[in-house]
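Trainee: Let me begin by handing over the structure; questions about it come next.
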Protein chains: 2
Amino acid sequence: MSFNIITDQILDSIRHIIGDEFVLTGKPEIERYSRDETSGLVFYPEVVVKPCAAVEIAELLKLCNRHLIPITPRGGGTGLSGGALPVMGGLLLSMERFNKIVDIDTANLQATVEAGVITQVLIDACADKGLYYPIDPSSKGSSMIGGNIAHCSGGPRVVKYGGIREYVLNLEMVLPSGKIIWTGANTLKYSSGYNLTQLMIGAEGTLGIITKAVLRLIPLPAFNVLMWASFTCSEDACAAVSAIFRAGVTPSALEFIERPAVELVLQYSSVSFTLHDAAQAFLLIEVDGADMDVILKDADKINNVLESFNCTDVLFADTAAQKEGLWRIRRSINPAIKAGNPVYKKEDTVVPRALLPQLLKGVKHIGHKYGFDSICFGHAGDGNMHVNIIKAGMSDHDWEHKLDDGITEIFKLTVALGGTISGEHGIGLVQKEFMPVKYRPVHFELWQGIKKAFDPNGILNPGKIF
Amino acid sequence: MSFNIITDQILDSIRHIIGDEFVLTGKPEIERYSRDETSGLVFYPEVVVKPCAAVEIAELLKLCNRHLIPITPRGGGTGLSGGALPVMGGLLLSMERFNKIVDIDTANLQATVEAGVITQVLIDACADKGLYYPIDPSSKGSSMIGGNIAHCSGGPRVVKYGGIREYVLNLEMVLPSGKIIWTGANTLKYSSGYNLTQLMIGAEGTLGIITKAVLRLIPLPAFNVLMWASFTCSEDACAAVSAIFRAGVTPSALEFIERPAVELVLQYSSVSFTLHDAAQAFLLIEVDGADMDVILKDADKINNVLESFNCTDVLFADTAAQKEGLWRIRRSINPAIKAGNPVYKKEDTVVPRALLPQLLKGVKHIGHKYGFDSICFGHAGDGNMHVNIIKAGMSDHDWEHKLDDGITEIFKLTVALGGTISGEHGIGLVQKEFMPVKYRPVHFELWQGIKKAFDPNGILNPGKIF
């Protein structure tokens, strides 16, 4: 794919479309758009634009399509796979001004939001009306709905409430041709042609620019219980995960955390927590619902399972503050790993949940072989393990030249277990090279065919996924 | 699209691929493959084949792709939109021999099944292991999993448990090139490139032949309560539907039924039921879960809502036999309408659920204008209303020449309410002409582009969807 640079003339056209003040070109002011939360990557766009309407994006896309200028859409910039990085330069399309909650429809339990609404802002607005939008990735304080949709983002509540796929009913999107369409209908069921809404979820901005979403909401659960279970053996903790479901309980969160993750949190955040010497791994387990008696019964069943997997200690959070404290540990892991490790890589493996112990064991084995450490944590209830690879004793040379072999081995194991390369972070830039571990040329041909149908000139987020 | 007929030479090749006994050509033996459950349509294929392995289908597809022979896949033949009808002749691919449940994995709560497994057979096999596969369309006794997936089939439990999209994790499929691929991974989360699994759901066999599916299962709910609520006013019954959710209850089924549907069932089936004179519409409401106390509390909340919408009577099914009796009424509606009405058409409208009263009112108004009767029933909890158009007083001429205008008006209303043309039956042959009511040329271009990526010669189920 060969692109053109943005000439002064094209820049004038861009300014004409959305107004001078929303077009940034100076290096200092576009600096923050050159990074996301992916470790160690910086790519400067030529121009940053901040449109506020689908019709503006339509004009921008037509212009870029005519002149073969790459366009990279950006939500909150919290991505962990480099999806929002303008790796080919060109135009960076910041969705930050698409920040309106258009409607929360309490009769139909639906919300209509612009793509740049911050996830937590929507969650809070729904809660004010007694409703629940349960897709809450750790980055929810700054991630945006459009980015969540583009990356098929998850979070801890997917295990009970389902993924973002189950909450996105309809999308307004802009195509490179400048056409603005709704992908589907505002309905809970849909069997009317190829499902473009579902296709857009996880497409990482390569097929169209999402400008608005109609989302399904559910009643806000009235009560919850939060438990913090300690284990002296990480594999025991992993093995307990699938046993909880087999006991007939579906927790509203079931997170696995290795000790080093908590140590980093204690070191690099203001969270305080007493870490017992013997504890090597933890499960953070939430049960929620409309009835406290049922929740306590479920918690009891979970407790029994935990005991049979050599859990040494279960802490029940008594107050809202204690609950928030435990959740803050979980949400602080990513920033703490970043703070404590100048050089690391983050993988987002996912396997059938009963195979988590094999995955964990294999990851440690591979780390041993290549000389890297790993800090593992994640949404164990979904079989989704975030493997954070820490340089540790690896030489610079090995990190540079051998790490990819190690990552390939991790992904080979993941695939052998029935899993895949990313559960919720997306492929973006950094996982692209590993896609052939899982996928065959025929998959790439199908994806490229789909891409061509939407974006024949390949201007939308080029260099991502494949 | 111009296809070729199956010559003797091609027929020899087909026989060579799958064996003489699984190739049918005589009119009497292929007669049953010329129809599905869509009213009034008959299309004969040239040849019916019954392969039993993906590799056989791969060879058949390569052969047909080379010779431009249309292929129509067929599951249980229970479709209501003509999706399994070989409208261009050619090869009819019956999946009836793909009838093995490969595995029910109780550790991971997953089942792997061949595409021709009967829905009820899978549900029963899961229940034997304490697990639940909640996608149970009325046709579950004879519909097949592959057909359910191809049509994005639903059923009464979608309202609580989500649609088939939320249960299909991974699909084995055969492409026209003869390549056999798995679309994704056996995982609960997936963010690894365009989601081919989701794209296949609802694609009606036009993109590839589904041969195997990995399905998510959940714990079997221990208890349920079933209520039959009577109303003197149909719109009141519809209005109560969204109010139940607003009261914080999510029933495991919430079906709306108009009186004439029940009358037909009593006339044309062996079900017995006392129908009170004043009752004009009914809600069949199920609440399920792990705890009977909670279910009864929810049932109580529902009762309160029903009262405030002028419900005249609520019957609680006391025994398993009573429950089955009420469900049989619901499941017998389609056959009873068919038995009682030689000429009718079935629509599958879906709107946001709080707008059901407007939809119902509009349908009756349109019927009055064009002279047809309508019997409405369906999955009201999802906003999914099956509108059965009965010829009634309409002249043959009007039925032939004016009915489409009436149906167009119904769909225009559906779309104006934020809905679409089909919630769970698919577009197939019979709804194809109405797609422009909802979709613009740009949608068709995108769909055609997707189609081209999978099936460049257009041999898979031609004449369907668009």
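Ordering of the structure tokens sets the chain letters (A, B, ...); residue numbers start at 1 within each chain; ligands are numbered from 1 in the order shown.
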Give as a ChimeraX atom specification every residue of chain B that touches chain A within 7 Å, counting only C-alpha atoms.
Mentor: /B:107-108,151-152,185-195,198-199,202-203,219,242,246,248,350-354,382,418-427,446-447,449-450,453-454,465
Trainee: Considering only C-alpha atoms, return as a PyMOL selection string whatever protein or nucleic-acid residues lie within 8 Å of stretch 251-262 of chain A, sequence-local ones (same chain, fewer than 6 positions apart) excluded.
Mentor: chain A and resi 156-161+234+237-238+241+279-288+329-330+333+336-337+375-381
Trainee: Give me, as a ChimeraX atom specification, the residues of stretch 209-387 of chain B that a backbone DSSP run labels alpha helix (DSSP H).
Mentor: /B:234-246,259-268,292-308,320-331,333-340,356-370
Trainee: Give me the residues within 10 Å of B:Thr211 as a list in words, counting only C-alpha atoms and dropping any in the same chain fewer than 4 places off.
Mentor: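 After dropping sequence-adjacent residues, the list is Cys52, Ala53, Ala54, Val55, Ile57, Met95, Phe98, Val113, Glu114, Ala115, Gly116, Ile145, Gly146, Leu171, Glu172, Met173, Val174, Ile180, Ile181 and Trp182 of chain B.
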Trainee: When you look at A:Ala392 with a cut-off of 12 Å (counting only C-alpha atoms), what residues show up, excluding the ones that are within fewer than 4 positions of it in the same chain? I need them as an MDAnalysis selection string.
Mentor: chainID A and resid 340:345 367:368 370:375 388 396 398:399
Trainee: Restricted to N, CA and C atoms, what would the selected residues look like written as a PDB file, in the first residue's frame?
Mentor:
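File again.pdb, as written:
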ATOM      1  N   GLY A 340       6.926  -0.172  37.081  1.00  0.00           N
ATOM      2  CA  GLY A 340       8.031  -0.932  37.652  1.00  0.00           C
ATOM      3  C   GLY A 340       8.944  -1.584  36.628  1.00  0.00           C
ATOM      4  N   ASN A 341       8.532  -1.558  35.373  1.00  0.00           N
ATOM      5  CA  ASN A 341       9.307  -2.267  34.359  1.00  0.00           C
ATOM      6  C   ASN A 341       9.437  -1.417  33.098  1.00  0.00           C
ATOM      7  N   PRO A 342      10.620  -0.819  32.925  1.00  0.00           N
ATOM      8  CA  PRO A 342      10.789  -0.009  31.716  1.00  0.00           C
ATOM      9  C   PRO A 342      10.644  -0.838  30.445  1.00  0.00           C
ATOM     10  N   VAL A 343      10.982  -2.107  30.517  1.00  0.00           N
ATOM     11  CA  VAL A 343      10.894  -2.950  29.321  1.00  0.00           C
ATOM     12  C   VAL A 343      10.048  -4.195  29.629  1.00  0.00           C
ATOM     13  N   TYR A 344       8.934  -4.293  28.947  1.00  0.00           N
ATOM     14  CA  TYR A 344       8.092  -5.478  29.108  1.00  0.00           C
ATOM     15  C   TYR A 344       7.182  -5.589  27.904  1.00  0.00           C
ATOM     16  N   LYS A 345       6.547  -6.746  27.776  1.00  0.00           N
ATOM     17  CA  LYS A 345       5.557  -6.934  26.718  1.00  0.00           C
ATOM     18  C   LYS A 345       4.324  -7.610  27.297  1.00  0.00           C
ATOM     19  N   GLY A 367       9.130 -19.244  29.784  1.00  0.00           N
ATOM     20  CA  GLY A 367       9.922 -18.149  30.355  1.00  0.00           C
ATOM     21  C   GLY A 367      11.272 -18.636  30.863  1.00  0.00           C
ATOM     22  N   HIS A 368      11.215 -19.777  31.527  1.00  0.00           N
ATOM     23  CA  HIS A 368      12.444 -20.377  32.050  1.00  0.00           C
ATOM     24  C   HIS A 368      13.430 -20.663  30.909  1.00  0.00           C
ATOM     25  N   TYR A 370      13.625 -19.233  27.948  1.00  0.00           N
ATOM     26  CA  TYR A 370      14.147 -18.046  27.258  1.00  0.00           C
ATOM     27  C   TYR A 370      14.769 -17.014  28.210  1.00  0.00           C
ATOM     28  N   GLY A 371      14.535 -17.196  29.492  1.00  0.00           N
ATOM     29  CA  GLY A 371      15.147 -16.287  30.455  1.00  0.00           C
ATOM     30  C   GLY A 371      14.328 -15.068  30.822  1.00  0.00           C
ATOM     31  N   PHE A 372      13.036 -15.070  30.472  1.00  0.00           N
ATOM     32  CA  PHE A 372      12.210 -13.932  30.916  1.00  0.00           C
ATOM     33  C   PHE A 372      11.322 -14.332  32.084  1.00  0.00           C
ATOM     34  N   ASP A 373      10.956 -13.321  32.883  1.00  0.00           N
ATOM     35  CA  ASP A 373       9.938 -13.525  33.909  1.00  0.00           C
ATOM     36  C   ASP A 373       8.564 -13.262  33.300  1.00  0.00           C
ATOM     37  N   SER A 374       7.537 -13.728  33.988  1.00  0.00           N
ATOM     38  CA  SER A 374       6.199 -13.351  33.540  1.00  0.00           C
ATOM     39  C   SER A 374       5.328 -13.071  34.753  1.00  0.00           C
ATOM     40  N   ILE A 375       4.533 -12.036  34.626  1.00  0.00           N
ATOM     41  CA  ILE A 375       3.511 -11.750  35.634  1.00  0.00           C
ATOM     42  C   ILE A 375       2.171 -11.997  34.967  1.00  0.00           C
ATOM     43  N   ASN A 388       2.244 -10.904  31.175  1.00  0.00           N
ATOM     44  CA  ASN A 388       3.151  -9.763  31.069  1.00  0.00           C
ATOM     45  C   ASN A 388       4.583 -10.281  31.127  1.00  0.00           C
ATOM     46  N   ASP A 396      19.954  -7.699  26.421  1.00  0.00           N
ATOM     47  CA  ASP A 396      19.343  -6.831  25.407  1.00  0.00           C
ATOM     48  C   ASP A 396      19.286  -7.549  24.068  1.00  0.00           C
ATOM     49  N   ASP A 398      19.211 -10.825  23.468  1.00  0.00           N
ATOM     50  CA  ASP A 398      18.195 -11.864  23.455  1.00  0.00           C
ATOM     51  C   ASP A 398      16.793 -11.258  23.393  1.00  0.00           C
ATOM     52  N   TRP A 399      16.583 -10.189  24.182  1.00  0.00           N
ATOM     53  CA  TRP A 399      15.263  -9.513  24.181  1.00  0.00           C
ATOM     54  C   TRP A 399      14.922  -9.074  22.755  1.00  0.00           C
TER      55      TRP A 399
END
Trainee: Quick check, in Å to one decimal: how far apart do atom CA of B:Trp327 and atom CA of B:Ala213 lie?
Mentor: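 These atoms are spaced 27.8 Å apart.
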Trainee: Please provide as a ChimeraX atom specification all residues within 8 Å of A:Gly406, with the sequence filter that same-chain residues fewer than 2 positions apart are discarded (counting only C-alpha atoms).
Mentor: /A:366-367,370,402-404,408-410
Trainee: In Å, rounded to a single decimal, give me how far atom CA of B:Leu80 is from atom CA of B:Pro456.
Mentor: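 One can read the atom CA of B:Pro456 to atom CA of B:Leu80 distance as 27.2 Å.
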Trainee: Using atom CA of B:Glu307 and atom CA of A:Phe223 as the two end points, give the distance in Å to one decimal.
Mentor: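 That distance, rounded to one decimal, is 27.5 Å.
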Trainee: Excluding stretch 272-276 of chain B and residues on its chain fewer than 5 positions from it, collect all residues at most 10 Å away from it, counting only C-alpha atoms, and give them as a ChimeraX atom specification.
Mentor: /B:230,232,259,262-263,265-267,313,325-326,328-329
Trainee: Output N, CA and C atoms for every residue in the selection just made, as a PDB file, in the first residue's frame.
Mentor:
ATOM      1  N   SER B 230     -53.961 -13.636  31.134  1.00  0.00           N
ATOM      2  CA  SER B 230     -54.992 -13.308  30.139  1.00  0.00           C
ATOM      3  C   SER B 230     -55.329 -11.821  30.166  1.00  0.00           C
ATOM      4  N   THR B 232     -57.944  -8.733  28.229  1.00  0.00           N
ATOM      5  CA  THR B 232     -59.065  -8.470  27.317  1.00  0.00           C
ATOM      6  C   THR B 232     -58.622  -7.546  26.180  1.00  0.00           C
ATOM      7  N   ARG B 259     -55.512 -14.345  20.827  1.00  0.00           N
ATOM      8  CA  ARG B 259     -56.550 -15.370  20.971  1.00  0.00           C
ATOM      9  C   ARG B 259     -56.729 -16.283  19.748  1.00  0.00           C
ATOM     10  N   VAL B 262     -54.583 -19.316  19.686  1.00  0.00           N
ATOM     11  CA  VAL B 262     -54.963 -20.391  20.615  1.00  0.00           C
ATOM     12  C   VAL B 262     -56.182 -21.140  20.079  1.00  0.00           C
ATOM     13  N   GLU B 263     -57.100 -20.394  19.504  1.00  0.00           N
ATOM     14  CA  GLU B 263     -58.293 -21.050  18.933  1.00  0.00           C
ATOM     15  C   GLU B 263     -57.883 -22.068  17.856  1.00  0.00           C
ATOM     16  N   VAL B 265     -55.024 -23.579  17.630  1.00  0.00           N
ATOM     17  CA  VAL B 265     -54.349 -24.702  18.292  1.00  0.00           C
ATOM     18  C   VAL B 265     -55.387 -25.679  18.840  1.00  0.00           C
ATOM     19  N   LEU B 266     -56.436 -25.142  19.476  1.00  0.00           N
ATOM     20  CA  LEU B 266     -57.459 -26.019  20.051  1.00  0.00           C
ATOM     21  C   LEU B 266     -58.184 -26.796  18.951  1.00  0.00           C
ATOM     22  N   GLN B 267     -58.311 -26.155  17.796  1.00  0.00           N
ATOM     23  CA  GLN B 267     -59.013 -26.787  16.689  1.00  0.00           C
ATOM     24  C   GLN B 267     -58.156 -27.853  15.979  1.00  0.00           C
ATOM     25  N   ASP B 313     -56.563 -12.438  34.547  1.00  0.00           N
ATOM     26  CA  ASP B 313     -56.424 -13.758  35.153  1.00  0.00           C
ATOM     27  C   ASP B 313     -54.992 -14.255  34.961  1.00  0.00           C
ATOM     28  N   GLY B 325     -48.062 -28.649  28.870  1.00  0.00           N
ATOM     29  CA  GLY B 325     -49.307 -28.348  28.163  1.00  0.00           C
ATOM     30  C   GLY B 325     -49.329 -26.912  27.647  1.00  0.00           C
ATOM     31  N   LEU B 326     -48.902 -25.970  28.498  1.00  0.00           N
ATOM     32  CA  LEU B 326     -48.891 -24.565  28.075  1.00  0.00           C
ATOM     33  C   LEU B 326     -47.851 -24.332  26.981  1.00  0.00           C
ATOM     34  N   ARG B 328     -46.883 -26.526  24.911  1.00  0.00           N
ATOM     35  CA  ARG B 328     -47.357 -27.152  23.675  1.00  0.00           C
ATOM     36  C   ARG B 328     -48.297 -26.235  22.914  1.00  0.00           C
ATOM     37  N   ILE B 329     -49.101 -25.471  23.660  1.00  0.00           N
ATOM     38  CA  ILE B 329     -49.950 -24.486  22.968  1.00  0.00           C
ATOM     39  C   ILE B 329     -49.058 -23.565  22.137  1.00  0.00           C
TER      40      ILE B 329
END
Trainee: Compare B:Asp124, B:Glu21, B:Glu56, B:Glu37 by their minimum atom-to-atom distance to B:Ala84, counting only C-alpha atoms, and give me the closest one.
Mentor: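 Result for the nearest residue to B:Ala84: B:Glu37.
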Trainee: Where does DSSP see strand (DSSP E) in stretch 314-464 of chain B, if you list the residues as a PDB file with N, CA, C and O atoms, in the first residue's frame?
Mentor:
ATOM      1  N   VAL B 314     -54.410 -14.807  36.033  1.00  0.00           N
ATOM      2  CA  VAL B 314     -53.088 -15.414  35.898  1.00  0.00           C
ATOM      3  C   VAL B 314     -53.167 -16.860  36.377  1.00  0.00           C
ATOM      4  O   VAL B 314     -53.540 -17.130  37.518  1.00  0.00           O
ATOM      5  N   LEU B 315     -52.823 -17.744  35.485  1.00  0.00           N
ATOM      6  CA  LEU B 315     -52.802 -19.165  35.807  1.00  0.00           C
ATOM      7  C   LEU B 315     -51.361 -19.585  36.060  1.00  0.00           C
ATOM      8  O   LEU B 315     -50.479 -19.307  35.240  1.00  0.00           O
ATOM      9  N   PHE B 316     -51.109 -20.213  37.201  1.00  0.00           N
ATOM     10  CA  PHE B 316     -49.778 -20.765  37.469  1.00  0.00           C
ATOM     11  C   PHE B 316     -49.795 -22.255  37.153  1.00  0.00           C
ATOM     12  O   PHE B 316     -50.666 -22.975  37.648  1.00  0.00           O
ATOM     13  N   TYR B 344     -51.521 -18.219   3.607  1.00  0.00           N
ATOM     14  CA  TYR B 344     -51.127 -17.226   4.606  1.00  0.00           C
ATOM     15  C   TYR B 344     -49.667 -16.873   4.385  1.00  0.00           C
ATOM     16  O   TYR B 344     -48.956 -17.557   3.642  1.00  0.00           O
ATOM     17  N   LYS B 345     -49.214 -15.796   5.009  1.00  0.00           N
ATOM     18  CA  LYS B 345     -47.802 -15.423   4.972  1.00  0.00           C
ATOM     19  C   LYS B 345     -47.345 -15.070   6.369  1.00  0.00           C
ATOM     20  O   LYS B 345     -48.100 -14.530   7.172  1.00  0.00           O
ATOM     21  N   LYS B 346     -46.083 -15.352   6.606  1.00  0.00           N
ATOM     22  CA  LYS B 346     -45.559 -15.243   7.954  1.00  0.00           C
ATOM     23  C   LYS B 346     -44.447 -14.193   7.956  1.00  0.00           C
ATOM     24  O   LYS B 346     -43.488 -14.294   7.198  1.00  0.00           O
ATOM     25  N   GLU B 347     -44.609 -13.181   8.775  1.00  0.00           N
ATOM     26  CA  GLU B 347     -43.548 -12.176   8.920  1.00  0.00           C
ATOM     27  C   GLU B 347     -42.947 -12.287  10.319  1.00  0.00           C
ATOM     28  O   GLU B 347     -43.557 -12.833  11.228  1.00  0.00           O
ATOM     29  N   ASP B 348     -41.756 -11.732  10.463  1.00  0.00           N
ATOM     30  CA  ASP B 348     -40.949 -11.949  11.684  1.00  0.00           C
ATOM     31  C   ASP B 348     -40.417 -10.609  12.204  1.00  0.00           C
ATOM     32  O   ASP B 348     -39.228 -10.442  12.437  1.00  0.00           O
ATOM     33  N   THR B 349     -41.356  -9.671  12.351  1.00  0.00           N
ATOM     34  CA  THR B 349     -40.957  -8.308  12.738  1.00  0.00           C
ATOM     35  C   THR B 349     -40.285  -8.265  14.111  1.00  0.00           C
ATOM     36  O   THR B 349     -40.591  -9.070  14.992  1.00  0.00           O
ATOM     37  N   VAL B 350     -39.401  -7.306  14.276  1.00  0.00           N
ATOM     38  CA  VAL B 350     -38.772  -7.109  15.588  1.00  0.00           C
ATOM     39  C   VAL B 350     -38.517  -5.611  15.791  1.00  0.00           C
ATOM     40  O   VAL B 350     -38.073  -4.929  14.880  1.00  0.00           O
ATOM     41  N   ASP B 373     -56.544 -10.475   7.551  1.00  0.00           N
ATOM     42  CA  ASP B 373     -56.494 -10.676   8.997  1.00  0.00           C
ATOM     43  C   ASP B 373     -55.046 -10.906   9.400  1.00  0.00           C
ATOM     44  O   ASP B 373     -54.195 -11.239   8.563  1.00  0.00           O
ATOM     45  N   SER B 374     -54.760 -10.757  10.668  1.00  0.00           N
ATOM     46  CA  SER B 374     -53.422 -11.129  11.128  1.00  0.00           C
ATOM     47  C   SER B 374     -53.525 -11.821  12.469  1.00  0.00           C
ATOM     48  O   SER B 374     -54.355 -11.458  13.305  1.00  0.00           O
ATOM     49  N   ILE B 375     -52.716 -12.849  12.617  1.00  0.00           N
ATOM     50  CA  ILE B 375     -52.595 -13.505  13.927  1.00  0.00           C
ATOM     51  C   ILE B 375     -51.174 -13.230  14.409  1.00  0.00           C
ATOM     52  O   ILE B 375     -50.198 -13.625  13.761  1.00  0.00           O
ATOM     53  N   CYS B 376     -51.084 -12.520  15.513  1.00  0.00           N
ATOM     54  CA  CYS B 376     -49.767 -12.111  16.006  1.00  0.00           C
ATOM     55  C   CYS B 376     -49.421 -12.894  17.269  1.00  0.00           C
ATOM     56  O   CYS B 376     -50.252 -13.096  18.155  1.00  0.00           O
ATOM     57  N   PHE B 377     -48.183 -13.316  17.322  1.00  0.00           N
ATOM     58  CA  PHE B 377     -47.669 -13.953  18.536  1.00  0.00           C
ATOM     59  C   PHE B 377     -46.150 -13.883  18.441  1.00  0.00           C
ATOM     60  O   PHE B 377     -45.598 -13.521  17.402  1.00  0.00           O
ATOM     61  N   GLY B 378     -45.492 -14.239  19.514  1.00  0.00           N
ATOM     62  CA  GLY B 378     -44.036 -14.266  19.410  1.00  0.00           C
ATOM     63  C   GLY B 378     -43.325 -13.909  20.695  1.00  0.00           C
ATOM     64  O   GLY B 378     -43.919 -13.828  21.777  1.00  0.00           O
ATOM     65  N   ASN B 384     -39.917  -9.233  19.507  1.00  0.00           N
ATOM     66  CA  ASN B 384     -39.992 -10.033  18.278  1.00  0.00           C
ATOM     67  C   ASN B 384     -41.412 -10.565  18.084  1.00  0.00           C
ATOM     68  O   ASN B 384     -41.864 -11.424  18.827  1.00  0.00           O
ATOM     69  N   MET B 385     -42.129 -10.002  17.099  1.00  0.00           N
ATOM     70  CA  MET B 385     -43.529 -10.361  16.879  1.00  0.00           C
ATOM     71  C   MET B 385     -43.686 -11.068  15.541  1.00  0.00           C
ATOM     72  O   MET B 385     -43.398 -10.505  14.489  1.00  0.00           O
ATOM     73  N   HIS B 386     -44.164 -12.310  15.597  1.00  0.00           N
ATOM     74  CA  HIS B 386     -44.454 -13.029  14.372  1.00  0.00           C
ATOM     75  C   HIS B 386     -45.842 -12.618  13.891  1.00  0.00           C
ATOM     76  O   HIS B 386     -46.840 -12.887  14.564  1.00  0.00           O
ATOM     77  N   VAL B 387     -45.891 -11.974  12.754  1.00  0.00           N
ATOM     78  CA  VAL B 387     -47.158 -11.519  12.191  1.00  0.00           C
ATOM     79  C   VAL B 387     -47.563 -12.502  11.104  1.00  0.00           C
ATOM     80  O   VAL B 387     -46.893 -12.615  10.081  1.00  0.00           O
ATOM     81  N   ASN B 388     -48.644 -13.222  11.347  1.00  0.00           N
ATOM     82  CA  ASN B 388     -49.126 -14.187  10.372  1.00  0.00           C
ATOM     83  C   ASN B 388     -50.295 -13.566   9.617  1.00  0.00           C
ATOM     84  O   ASN B 388     -51.343 -13.288  10.203  1.00  0.00           O
ATOM     85  N   ILE B 389     -50.089 -13.347   8.351  1.00  0.00           N
ATOM     86  CA  ILE B 389     -51.082 -12.664   7.535  1.00  0.00           C
ATOM     87  C   ILE B 389     -51.999 -13.701   6.909  1.00  0.00           C
ATOM     88  O   ILE B 389     -51.546 -14.596   6.189  1.00  0.00           O
ATOM     89  N   ILE B 390     -53.284 -13.578   7.233  1.00  0.00           N
ATOM     90  CA  ILE B 390     -54.276 -14.567   6.801  1.00  0.00           C
ATOM     91  C   ILE B 390     -55.115 -13.941   5.685  1.00  0.00           C
ATOM     92  O   ILE B 390     -55.579 -12.808   5.817  1.00  0.00           O
TER      93      ILE B 390
END
Trainee: Leaving out B:Asn461 and any residue of its chain fewer than 6 positions from it, which residues lie within 8 Å of it when counting only C-alpha atoms, given as a VMD selection string?
Mentor: chain B and resid 70 to 73 83 to 84 86 204 to 206
Trainee: Using N, CA and C atoms, can you export the residues from the last selection as a CSV table (one decimal), in the first residue's frame?
Mentor:
chain,number,residue,atom,x,y,z
B,70,PRO,N,-25.1,-24.6,-8.6
B,70,PRO,CA,-25.6,-24.0,-7.4
B,70,PRO,C,-25.7,-25.1,-6.3
B,71,ILE,N,-25.3,-24.7,-5.1
B,71,ILE,CA,-25.4,-25.6,-3.9
B,71,ILE,C,-26.3,-25.0,-2.9
B,72,THR,N,-27.3,-25.7,-2.4
B,72,THR,CA,-28.2,-25.2,-1.3
B,72,THR,C,-28.0,-26.2,-0.1
B,73,PRO,N,-27.5,-25.7,1.0
B,73,PRO,CA,-27.4,-26.5,2.2
B,73,PRO,C,-28.8,-26.6,2.9
B,83,GLY,N,-35.1,-20.4,3.1
B,83,GLY,CA,-33.6,-20.4,3.1
B,83,GLY,C,-33.1,-21.7,2.5
B,84,ALA,N,-33.7,-22.8,2.8
B,84,ALA,CA,-33.2,-24.1,2.4
B,84,ALA,C,-33.8,-24.6,1.0
B,86,PRO,N,-33.9,-25.0,-2.9
B,86,PRO,CA,-33.0,-24.9,-4.0
B,86,PRO,C,-33.6,-24.1,-5.2
B,204,GLU,N,-27.0,-17.6,6.4
B,204,GLU,CA,-28.0,-18.5,5.6
B,204,GLU,C,-27.3,-19.4,4.6
B,205,GLY,N,-26.1,-19.8,5.0
B,205,GLY,CA,-25.4,-20.8,4.1
B,205,GLY,C,-24.9,-20.2,2.8
B,206,THR,N,-24.8,-18.8,2.7
B,206,THR,CA,-24.3,-18.2,1.5
B,206,THR,C,-22.8,-17.9,1.5
Trainee: Select, from B:Asn99, B:Asn457, B:Asn303, B:Thr78, the residue with the minimum atom-to-atom distance to B:Tyr33, counting only C-alpha atoms.
Mentor: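 Comparing B:Asn99, B:Asn457, B:Asn303, B:Thr78 against B:Tyr33, the winner is B:Thr78.
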Trainee: I need the residue nearest B:Leu306 from this list: B:Leu68, B:Asp103, B:Ser34, B:Asp236. Use only C-alpha atoms for the distance.
Mentor: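 Smallest separation from B:Leu306 among the options: B:Asp236.
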